[in-house]
$ cat protein.csv   # CSV, C-alpha atoms and all ligand atoms
chain,number,residue,atom,x,y,z
H,1,MET,CA,0.0,0.0,0.0
H,2,ALA,CA,2.4,2.7,1.2
H,3,LYS,CA,5.3,1.3,-0.7
H,4,SER,CA,3.9,2.6,-4.1
H,5,GLN,CA,3.1,6.1,-2.7
H,6,GLU,CA,4.7,9.3,-3.7
H,7,THR,CA,7.7,10.2,-1.6
H,8,PHE,CA,8.5,13.7,-0.3
H,9,THR,CA,11.9,14.6,1.0
H,10,SER,CA,12.5,18.3,0.5
H,11,ALA,CA,11.8,21.5,2.4
H,12,LEU,CA,11.6,23.1,-1.1
H,13,THR,CA,8.4,21.1,-1.8
H,14,PRO,CA,6.2,21.8,1.2
H,15,GLU,CA,3.3,19.4,1.6
H,16,GLY,CA,1.6,20.9,4.7
H,17,PRO,CA,0.8,24.3,6.3
H,18,VAL,CA,3.7,24.4,8.7
H,19,ALA,CA,6.3,23.6,5.9
H,20,GLU,CA,4.5,26.1,3.6
H,21,SER,CA,4.8,29.0,6.2
H,22,ILE,CA,8.5,28.2,6.7
H,23,SER,CA,9.2,28.0,3.0
H,24,HIS,CA,7.4,31.4,2.4
H,25,LEU,CA,9.6,32.9,5.0
H,26,MET,CA,12.7,31.4,3.5
H,27,TRP,CA,11.9,32.7,0.0
H,28,VAL,CA,11.1,36.2,1.4
H,29,MET,CA,14.5,36.2,3.2
H,30,ILE,CA,16.3,34.9,0.1
H,31,GLY,CA,14.6,37.6,-2.0
H,32,ALA,CA,15.3,40.5,0.4
H,33,PHE,CA,18.9,39.6,1.1
H,34,GLY,CA,19.6,38.6,-2.5
H,35,ALA,CA,18.4,42.0,-3.6
H,36,VAL,CA,20.6,43.7,-1.0
H,37,PHE,CA,23.6,41.6,-2.1
H,38,VAL,CA,23.1,42.6,-5.8
H,39,VAL,CA,22.7,46.4,-4.9
H,40,VAL,CA,25.8,46.4,-2.7
H,41,MET,CA,27.9,44.6,-5.3
H,42,LEU,CA,26.7,47.1,-8.0
H,43,LEU,CA,27.6,50.0,-5.7
H,44,LEU,CA,31.0,48.5,-5.1
H,45,VAL,CA,31.7,48.1,-8.8
H,46,ILE,CA,30.5,51.6,-9.5
H,47,SER,CA,32.7,53.1,-6.8
H,48,LEU,CA,35.8,51.0,-8.0
H,49,ILE,CA,35.3,52.3,-11.5
H,50,ALA,CA,34.7,55.9,-10.4
H,51,LYS,CA,37.8,55.7,-8.2
H,52,ARG,CA,40.0,54.6,-11.1
H,53,ARG,CA,38.8,57.4,-13.3
H,54,SER,CA,39.2,60.0,-10.6
H,55,LYS,CA,42.5,61.6,-9.7
H,56,TYR,CA,41.4,62.3,-6.2
H,57,PRO,CA,41.2,59.7,-3.3
H,58,THR,CA,37.7,60.8,-2.1
H,59,PRO,CA,35.1,58.1,-2.7
H,60,PRO,CA,32.4,59.4,-5.0
H,61,LEU,CA,29.5,58.1,-2.9
H,62,GLY,CA,30.9,59.0,0.5
H,63,ASP,CA,28.7,61.8,1.6
H,64,VAL,CA,26.8,61.8,4.9
H,65,TRP,CA,23.3,61.4,3.4
H,66,PHE,CA,24.3,58.4,1.4
H,67,ILE,CA,25.7,56.7,4.5
H,68,SER,CA,22.7,57.6,6.6
H,69,ILE,CA,20.1,56.4,4.1
H,70,GLY,CA,22.0,53.5,2.5
H,71,GLY,CA,23.8,52.3,5.7
H,72,ILE,CA,21.2,52.9,8.4
H,73,LEU,CA,17.7,53.7,7.2
H,74,ILE,CA,17.4,51.0,4.5
H,75,PRO,CA,19.0,48.2,6.4
H,76,GLY,CA,16.9,49.1,9.4
H,77,LEU,CA,13.7,48.9,7.4
H,78,ILE,CA,14.7,45.6,5.7
H,79,LEU,CA,15.7,44.0,9.0
H,80,THR,CA,12.5,45.3,10.7
H,81,PHE,CA,10.4,43.8,7.9
H,82,VAL,CA,12.2,40.5,8.1
H,83,LEU,CA,11.8,40.5,11.9
H,84,ILE,CA,8.0,41.1,11.7
H,85,TYR,CA,7.6,38.5,9.0
H,86,THR,CA,9.5,36.0,11.1
H,87,LEU,CA,7.4,36.7,14.2
H,88,LEU,CA,4.2,36.3,12.1
H,89,THR,CA,5.4,33.0,10.7
H,90,THR,CA,6.3,31.8,14.2
H,91,SER,CA,2.8,32.6,15.5
H,92,ASN,CA,1.3,31.0,12.4
H,93,ILE,CA,3.0,27.7,13.1
H,94,GLN,CA,2.1,27.4,16.8
H,95,ILE,CA,0.4,24.1,17.8
H,96,PRO,CA,-3.3,24.5,17.2
H,97,GLU,CA,-5.6,24.3,20.3
H,98,THR,CA,-7.3,21.2,19.0
H,99,THR,CA,-5.5,18.4,17.2
H,100,SER,CA,-7.2,15.2,16.1
H,101,LEU,CA,-4.5,12.8,17.0
H,102,THR,CA,-1.6,12.6,19.4
H,103,VAL,CA,1.5,10.5,18.8
H,104,LYS,CA,4.2,9.9,21.3
H,105,LEU,CA,7.7,9.8,19.8
H,106,THR,CA,10.8,8.8,21.7
H,107,GLY,CA,14.2,9.1,20.3
H,108,HIS,CA,16.8,6.4,20.9
H,109,MET,CA,20.4,6.0,19.6
H,110,TRP,CA,19.5,5.5,16.7
H,111,TRP,CA,15.9,4.8,16.1
H,112,TRP,CA,12.4,6.1,16.9
H,113,HIS,CA,9.8,4.6,19.2
H,114,VAL,CA,6.3,5.6,18.1
H,115,GLU,CA,3.2,5.2,20.2
H,116,TYR,CA,-0.5,5.9,19.6
H,117,PRO,CA,-1.6,6.4,23.3
H,118,ASP,CA,-5.4,6.3,22.5
H,119,SER,CA,-5.3,3.0,20.6
H,120,GLY,CA,-2.2,1.3,22.1
H,121,VAL,CA,-0.6,0.8,18.8
H,122,THR,CA,3.3,0.8,18.8
H,123,LEU,CA,5.5,1.2,15.8
H,124,ALA,CA,9.2,1.9,15.1
H,125,ASN,CA,10.6,4.5,12.7
H,126,GLU,CA,7.2,5.1,11.1
H,127,ILE,CA,4.4,7.5,11.9
H,128,TYR,CA,1.1,7.0,10.1
H,129,VAL,CA,-1.1,10.1,10.0
H,130,PRO,CA,-4.5,11.0,8.4
H,131,VAL,CA,-4.4,13.5,5.6
H,132,GLY,CA,-5.7,17.0,6.4
H,133,GLU,CA,-5.7,16.6,10.2
H,134,ALA,CA,-3.5,18.3,12.7
H,135,VAL,CA,-1.3,15.7,14.4
H,136,LYS,CA,0.4,16.6,17.7
H,137,ILE,CA,3.7,14.8,18.4
H,138,GLU,CA,4.9,14.5,22.0
H,139,LEU,CA,8.7,14.3,21.9
H,140,ARG,CA,10.9,12.6,24.4
H,141,SER,CA,14.4,11.1,24.4
H,142,ALA,CA,15.6,7.9,26.0
H,143,ASP,CA,19.3,8.9,25.9
H,144,VAL,CA,20.8,12.0,24.2
H,145,ILE,CA,19.4,15.0,22.4
H,146,HIS,CA,17.9,14.2,19.0
H,147,SER,CA,15.9,16.4,16.7
H,148,LEU,CA,12.8,15.6,14.6
H,149,TRP,CA,12.9,17.0,11.1
H,150,VAL,CA,10.5,16.1,8.4
H,151,PRO,CA,11.4,18.7,5.8
H,152,SER,CA,8.3,18.5,3.6
H,153,LEU,CA,6.0,18.8,6.7
H,154,GLY,CA,7.7,21.4,8.9
H,155,GLY,CA,10.7,22.6,10.9
H,156,LYS,CA,12.8,20.9,13.5
H,157,THR,CA,12.0,20.3,17.2
H,158,ASP,CA,14.5,18.8,19.6
H,159,LEU,CA,13.9,15.6,21.7
H,160,ILE,CA,15.5,16.3,25.1
H,161,PRO,CA,16.2,13.9,27.9
H,162,GLY,CA,14.0,14.6,30.9
H,163,HIS,CA,11.8,17.0,29.1
H,164,VAL,CA,8.7,16.8,26.9
H,165,ASN,CA,8.6,18.9,23.7
H,166,TYR,CA,5.8,19.3,21.3
H,167,HIS,CA,5.7,19.3,17.5
H,168,TRP,CA,2.8,19.2,15.0
H,169,PHE,CA,2.1,18.9,11.4
H,170,LYS,CA,-0.7,18.4,8.9
H,171,ALA,CA,-0.1,16.6,5.6
H,172,ASP,CA,-2.0,18.0,2.6
H,173,ARG,CA,-2.2,14.8,0.6
H,174,PRO,CA,-1.3,11.1,0.8
H,175,GLY,CA,2.4,10.2,0.5
H,176,VAL,CA,5.5,9.2,2.3
H,177,HIS,CA,7.5,12.0,4.0
H,178,ARG,CA,11.0,11.2,4.8
H,179,GLY,CA,12.3,12.5,8.1
H,180,GLN,CA,15.7,12.6,9.7
H,181,CYS,CA,17.3,13.2,13.1
H,182,ALA,CA,18.7,16.7,12.8
H,183,GLU,CA,20.9,16.9,15.9
H,184,PHE,CA,24.2,15.0,16.0
H,185,CYS,CA,23.6,12.1,18.4
H,186,GLY,CA,26.5,9.8,17.9
H,187,LEU,CA,28.1,7.4,15.5
H,188,GLN,CA,24.9,6.5,13.5
H,189,HIS,CA,23.2,9.9,13.6
H,190,ALA,CA,23.0,9.9,9.8
H,191,LYS,CA,21.2,6.6,9.9
H,192,MET,CA,18.4,7.7,12.2
H,193,ALA,CA,15.7,8.3,9.6
H,194,LEU,CA,11.9,7.9,9.8
H,195,ASN,CA,9.0,7.9,7.5
H,196,VAL,CA,5.7,9.8,8.0
H,197,ILE,CA,3.1,8.0,6.0
H,198,ALA,CA,0.0,10.1,5.2
H,199,LEU,CA,-3.2,8.2,4.4
H,200,GLU,CA,-6.7,9.3,3.4
H,201,LYS,CA,-8.8,9.5,6.6
H,202,GLU,CA,-10.9,6.3,6.0
H,203,GLU,CA,-7.8,4.4,5.0
H,204,PHE,CA,-6.0,5.7,8.2
H,205,GLN,CA,-8.9,4.5,10.4
H,206,LYS,CA,-8.8,1.1,8.7
H,207,TRP,CA,-5.0,1.0,9.2
H,208,LEU,CA,-5.4,1.9,12.9
H,209,GLN,CA,-8.0,-0.8,13.5
H,210,SER,CA,-6.0,-3.4,11.8
H,211,LYS,CA,-3.0,-2.6,13.9
H,212,GLN,CA,-4.9,-3.1,17.1
H,213,LYS,CA,-5.5,-6.8,16.5
H,214,ALA,CA,-3.4,-9.0,18.7
H,215,VAL,CA,-0.7,-11.2,17.2
H,216,SER,CA,-1.3,-14.9,17.8
H,217,ILE,CA,1.1,-17.8,18.0
H,218,PRO,CA,1.4,-19.3,14.5
H,219,ASP,CA,0.0,-22.8,13.7
H,220,ASP,CA,2.2,-23.3,10.6
H,221,PRO,CA,5.2,-25.5,11.7
H,222,ARG,CA,7.8,-23.4,10.0
H,223,LEU,CA,6.4,-20.1,11.4
H,224,LEU,CA,6.1,-21.8,14.8
H,225,LEU,CA,9.8,-22.7,14.6
H,226,GLY,CA,10.5,-19.0,13.7
H,227,TYR,CA,8.5,-17.9,16.8
H,228,GLN,CA,10.3,-20.4,19.0
H,229,THR,CA,13.6,-19.3,17.7
H,230,PHE,CA,12.7,-15.6,18.4
H,231,MET,CA,11.8,-16.5,22.0
H,232,ARG,CA,14.9,-18.8,22.6
H,233,VAL,CA,17.9,-17.2,20.9
H,234,GLY,CA,17.8,-13.8,22.7
H,235,CYS,CA,15.6,-11.6,20.4
H,236,ALA,CA,12.9,-11.4,23.1
H,237,GLU,CA,15.4,-10.0,25.6
H,238,CYS,CA,15.4,-6.7,23.7
H,239,HIS,CA,12.3,-6.6,21.5
H,240,ALA,CA,8.6,-6.8,22.0
H,241,ILE,CA,5.9,-8.4,19.9
H,242,LYS,CA,2.5,-7.6,21.3
H,243,GLY,CA,0.4,-10.6,22.2
H,244,THR,CA,3.4,-12.8,23.0
H,245,ASP,CA,5.7,-13.0,26.0
H,246,ALA,CA,8.2,-10.7,24.3
H,247,ILE,CA,7.7,-7.4,26.1
H,248,ALA,CA,11.2,-5.9,26.3
H,249,ASP,CA,11.8,-2.3,25.2
H,250,VAL,CA,15.5,-2.0,24.7
H,251,GLY,CA,15.2,-2.3,20.9
H,252,PRO,CA,12.4,-1.4,18.4
H,253,ASP,CA,8.9,-2.9,18.9
H,254,LEU,CA,8.6,-5.6,16.2
H,255,THR,CA,4.8,-6.2,16.3
H,256,HIS,CA,4.4,-4.7,12.8
H,257,ILE,CA,7.9,-5.2,11.4
H,258,GLY,CA,6.6,-7.0,8.3
H,259,SER,CA,4.9,-3.8,7.0
H,260,ARG,CA,7.8,-1.4,7.6
H,261,LEU,CA,9.3,0.4,4.7
H,262,SER,CA,12.9,0.0,6.0
H,263,LEU,CA,15.0,-1.7,8.6
H,264,GLY,CA,17.6,-0.1,10.9
H,265,ALA,CA,15.7,3.3,10.8
H,266,GLY,CA,16.1,3.9,7.1
H,267,THR,CA,19.4,2.0,6.8
H,268,ILE,CA,18.3,-0.9,4.5
H,269,PRO,CA,15.1,-1.7,2.6
H,270,ASN,CA,12.8,-4.2,4.4
H,271,SER,CA,13.0,-7.6,2.7
H,272,LYS,CA,13.6,-11.1,3.8
H,273,GLY,CA,17.2,-11.0,2.5
H,274,SER,CA,18.1,-7.7,4.2
H,275,LEU,CA,16.4,-8.8,7.5
H,276,ALA,CA,18.4,-12.1,7.4
H,277,GLY,CA,21.6,-10.1,6.9
H,278,TRP,CA,20.7,-7.7,9.7
H,279,ILE,CA,20.0,-10.5,12.2
H,280,LEU,CA,23.3,-12.3,11.4
H,281,ASN,CA,25.5,-9.2,11.5
H,282,PRO,CA,23.9,-5.9,12.4
H,283,GLN,CA,27.2,-4.4,13.3
H,284,GLU,CA,28.4,-4.7,9.7
H,285,ILE,CA,25.4,-2.8,8.4
H,286,LYS,CA,25.1,-0.1,11.2
H,287,PRO,CA,28.3,-0.2,13.3
H,288,GLY,CA,27.8,0.9,16.9
H,289,ASN,CA,24.1,0.0,17.2
H,290,LYS,CA,23.1,-1.9,20.3
H,291,MET,CA,22.1,-5.2,18.5
H,292,PRO,CA,24.7,-8.0,18.8
H,293,ARG,CA,25.3,-10.7,16.2
H,294,THR,CA,23.0,-13.7,16.4
H,295,TYR,CA,24.3,-17.1,15.5
H,296,LEU,CA,21.7,-19.3,13.9
H,297,GLU,CA,21.4,-22.5,11.9
H,298,PRO,CA,20.2,-21.9,8.4
H,299,ASP,CA,16.7,-23.4,9.0
H,300,GLN,CA,16.3,-21.4,12.2
H,301,LEU,CA,17.2,-18.2,10.4
H,302,HIS,CA,14.9,-19.0,7.5
H,303,ALA,CA,12.0,-19.7,9.9
H,304,LEU,CA,12.7,-16.6,12.0
H,305,VAL,CA,12.8,-14.3,9.0
H,306,SER,CA,9.6,-15.9,7.6
H,307,TYR,CA,7.9,-15.5,11.0
H,308,LEU,CA,8.9,-11.8,11.4
H,309,MET,CA,7.7,-11.0,7.9
H,310,THR,CA,4.2,-12.2,8.7
H,311,LEU,CA,4.0,-9.6,11.5
H,312,ASP,CA,2.4,-6.7,9.7
H,401,LIG,CU1,19.4,11.1,16.7
H,401,LIG,CU2,20.9,12.4,15.5
$ encode --input "protein.csv" --output "structure tokens"
Amino acid sequence: MAKSQETFTSALTPEGPVAESISHLMWVMIGAFGAVFVVVMLLLVISLIAKRRSKYPTPPLGDVWFISIGGILIPGLILTFVLIYTLLTTSNIQIPETTSLTVKLTGHMWWWHVEYPDSGVTLANEIYVPVGEAVKIELRSADVIHSLWVPSLGGKTDLIPGHVNYHWFKADRPGVHRGQCAEFCGLQHAKMALNVIALEKEEFQKWLQSKQKAVSIPDDPRLLLGYQTFMRVGCAECHAIKGTDAIADVGPDLTHIGSRLSLGAGTIPNSKGSLAGWILNPQEIKPGNKMPRTYLEPDQLHALVSYLMTLD
């Protein structure tokens, strides 16, 4: 479903009101300061040419009026205009009083824990949102300072240990918005991405309901072997799968891993092959992350990967 959707990655193509306000401000600033740059460079060229032609050392434009108007009045007016525009933009992008959905987001080195407190759904590295509705994001950090940045939907807000910050956005149309941690947080800061997936309202409601169903222990013998492997070889000591005895929260929640767009917070695409490679040697793929190597027999690995991929 989401895999074939349009992807938005750039602050230059805003896809929601917050990003739009910020992008307007950016273009106004680039326009104003670009014009100032061009005028100053022209004056510089004019004065250099005039000075060469003149026998006298006096600069041709050096009178008091010129300095007062060009050096004080005009810059003062331009800076005041930009200040007012910035303040207006800041008040425009305040969190609205009423938001239709709250999502809790906790930053970890180097992945994102995502919770829907009203429905009990937990995800990792993906936030599903309904199109056209204001979504409030509660930001926390489990370790160091991270920063949430989804360029096509809005600006950056830090996730600070011991403090709750708030962020919000509204997506104009369906699509996948790529986000990135925007505060250096250690070795794999660059590989701390997330996807915000905007769905039409009805589709989002269906999605939310489908995610609330409990996972059951599989009947199929191969999948059952995968489940048993998961519980025995150490996976369950760090990860949770809702509906099973795996309830740890050291690593990402795996209840819906099969439907994720990527693994390792945007590091590799989500497929059986890359999941198998990740389980065997995650340090090769994302050095420094907390997951150790897992030593498995081929049939165990095959069964484990097949089982995890059924969890969507
Ligand atoms: Cu988290 Cu950079």
$ closest_residue --input "protein.csv" --among "H:Asp172, H:Phe230, H:Ala265, H:Phe81" --to "H:Gly107" --atoms "all atoms listed in the file"
H:Ala265
$ residues_around --input "protein.csv" --residues "H:Leu304" --least-positions-apart "2" --cutoff "10 Å" --atoms "only C-alpha atoms" --output "JSON, numbers by chain"
{"H": [222, 223, 224, 225, 226, 227, 228, 229, 230, 272, 275, 276, 279, 296, 298, 299, 300, 301, 302, 306, 307, 308, 309]}
$ atom_distance --input "protein.csv" --atom1 "atom CA of H:Val129" --atom2 "atom CA of H:Ala246"
26.9 Å
$ residues_around --input "protein.csv" --residues "H:Tyr85" --least-positions-apart "3" --cutoff "12 Å" --atoms "only C-alpha atoms" --output "short mmCIF file (atom, residue, chain, number, x, y, z; two decimals) with C-alpha atoms, in the coordinates of the input"
data_model
loop_
_atom_site.label_atom_id
_atom_site.label_comp_id
_atom_site.auth_asym_id
_atom_site.auth_seq_id
_atom_site.Cartn_x
_atom_site.Cartn_y
_atom_site.Cartn_z
CA SER H 21 4.80 29.00 6.20
CA ILE H 22 8.50 28.20 6.70
CA HIS H 24 7.40 31.40 2.40
CA LEU H 25 9.60 32.90 5.00
CA MET H 26 12.70 31.40 3.50
CA TRP H 27 11.90 32.70 0.00
CA VAL H 28 11.10 36.20 1.40
CA MET H 29 14.50 36.20 3.20
CA ALA H 32 15.30 40.50 0.40
CA ILE H 78 14.70 45.60 5.70
CA LEU H 79 15.70 44.00 9.00
CA THR H 80 12.50 45.30 10.70
CA PHE H 81 10.40 43.80 7.90
CA VAL H 82 12.20 40.50 8.10
CA LEU H 88 4.20 36.30 12.10
CA THR H 89 5.40 33.00 10.70
CA THR H 90 6.30 31.80 14.20
CA SER H 91 2.80 32.60 15.50
CA ASN H 92 1.30 31.00 12.40
#
$ residues_around --input "protein.csv" --residues "stretch 154-171 of chain H" --least-positions-apart "4" --cutoff "9 Å" --atoms "only C-alpha atoms" --output "PyMOL selection string"
chain H and resi 11+14-23+93-96+99+105-107+129-150+175+181-183+198
$ closest_residue --input "protein.csv" --among "H:Gly70, H:Gly234, H:Pro174, H:Gly264" --to "H:Trp112" --atoms "all atoms listed in the file"
H:Gly264
$ atom_distance --input "protein.csv" --atom1 "atom CA of H:His108" --atom2 "atom CA of H:Gly258"
21.0 Å
$ residues_around --input "protein.csv" --residues "H:Ala214" --least-positions-apart "4" --cutoff "10 Å" --atoms "all atoms listed in the file" --output "list in words"
Ser210, Ile241, Lys242, Gly243, Thr244 and Thr255 of chain H
$ residues_around --input "protein.csv" --residues "H:Gln188" --least-positions-apart "5" --cutoff "9 Å" --atoms "all atoms listed in the file" --output "count of residues only"
6
$ atom_distance --input "protein.csv" --atom1 "atom CA of H:Thr9" --atom2 "atom CA of H:Phe33"
26.0 Å
$ closest_residue --input "protein.csv" --among "H:Ile74, H:Val121, H:Leu43, H:Leu187" --to "ligand LIG 401 (chain H)" --atoms "all atoms listed in the file"
H:Leu187
$ closest_residue --input "protein.csv" --among "H:Gly179, H:Ala35, H:Val305, H:Asp249" --to "H:Gly273" --atoms "only C-alpha atoms"
H:Val305
$ closest_residue --input "protein.csv" --among "H:Leu42, H:Lys104, H:Ala193, H:Gln5" --to "ligand LIG 401 (chain H)" --atoms "all atoms listed in the file"
H:Ala193
$ closest_residue --input "protein.csv" --among "H:Cys185, H:Ala50, H:Leu73, H:Val250" --to "ligand LIG 401 (chain H)" --atoms "only C-alpha atoms and all ligand atoms"
H:Cys185
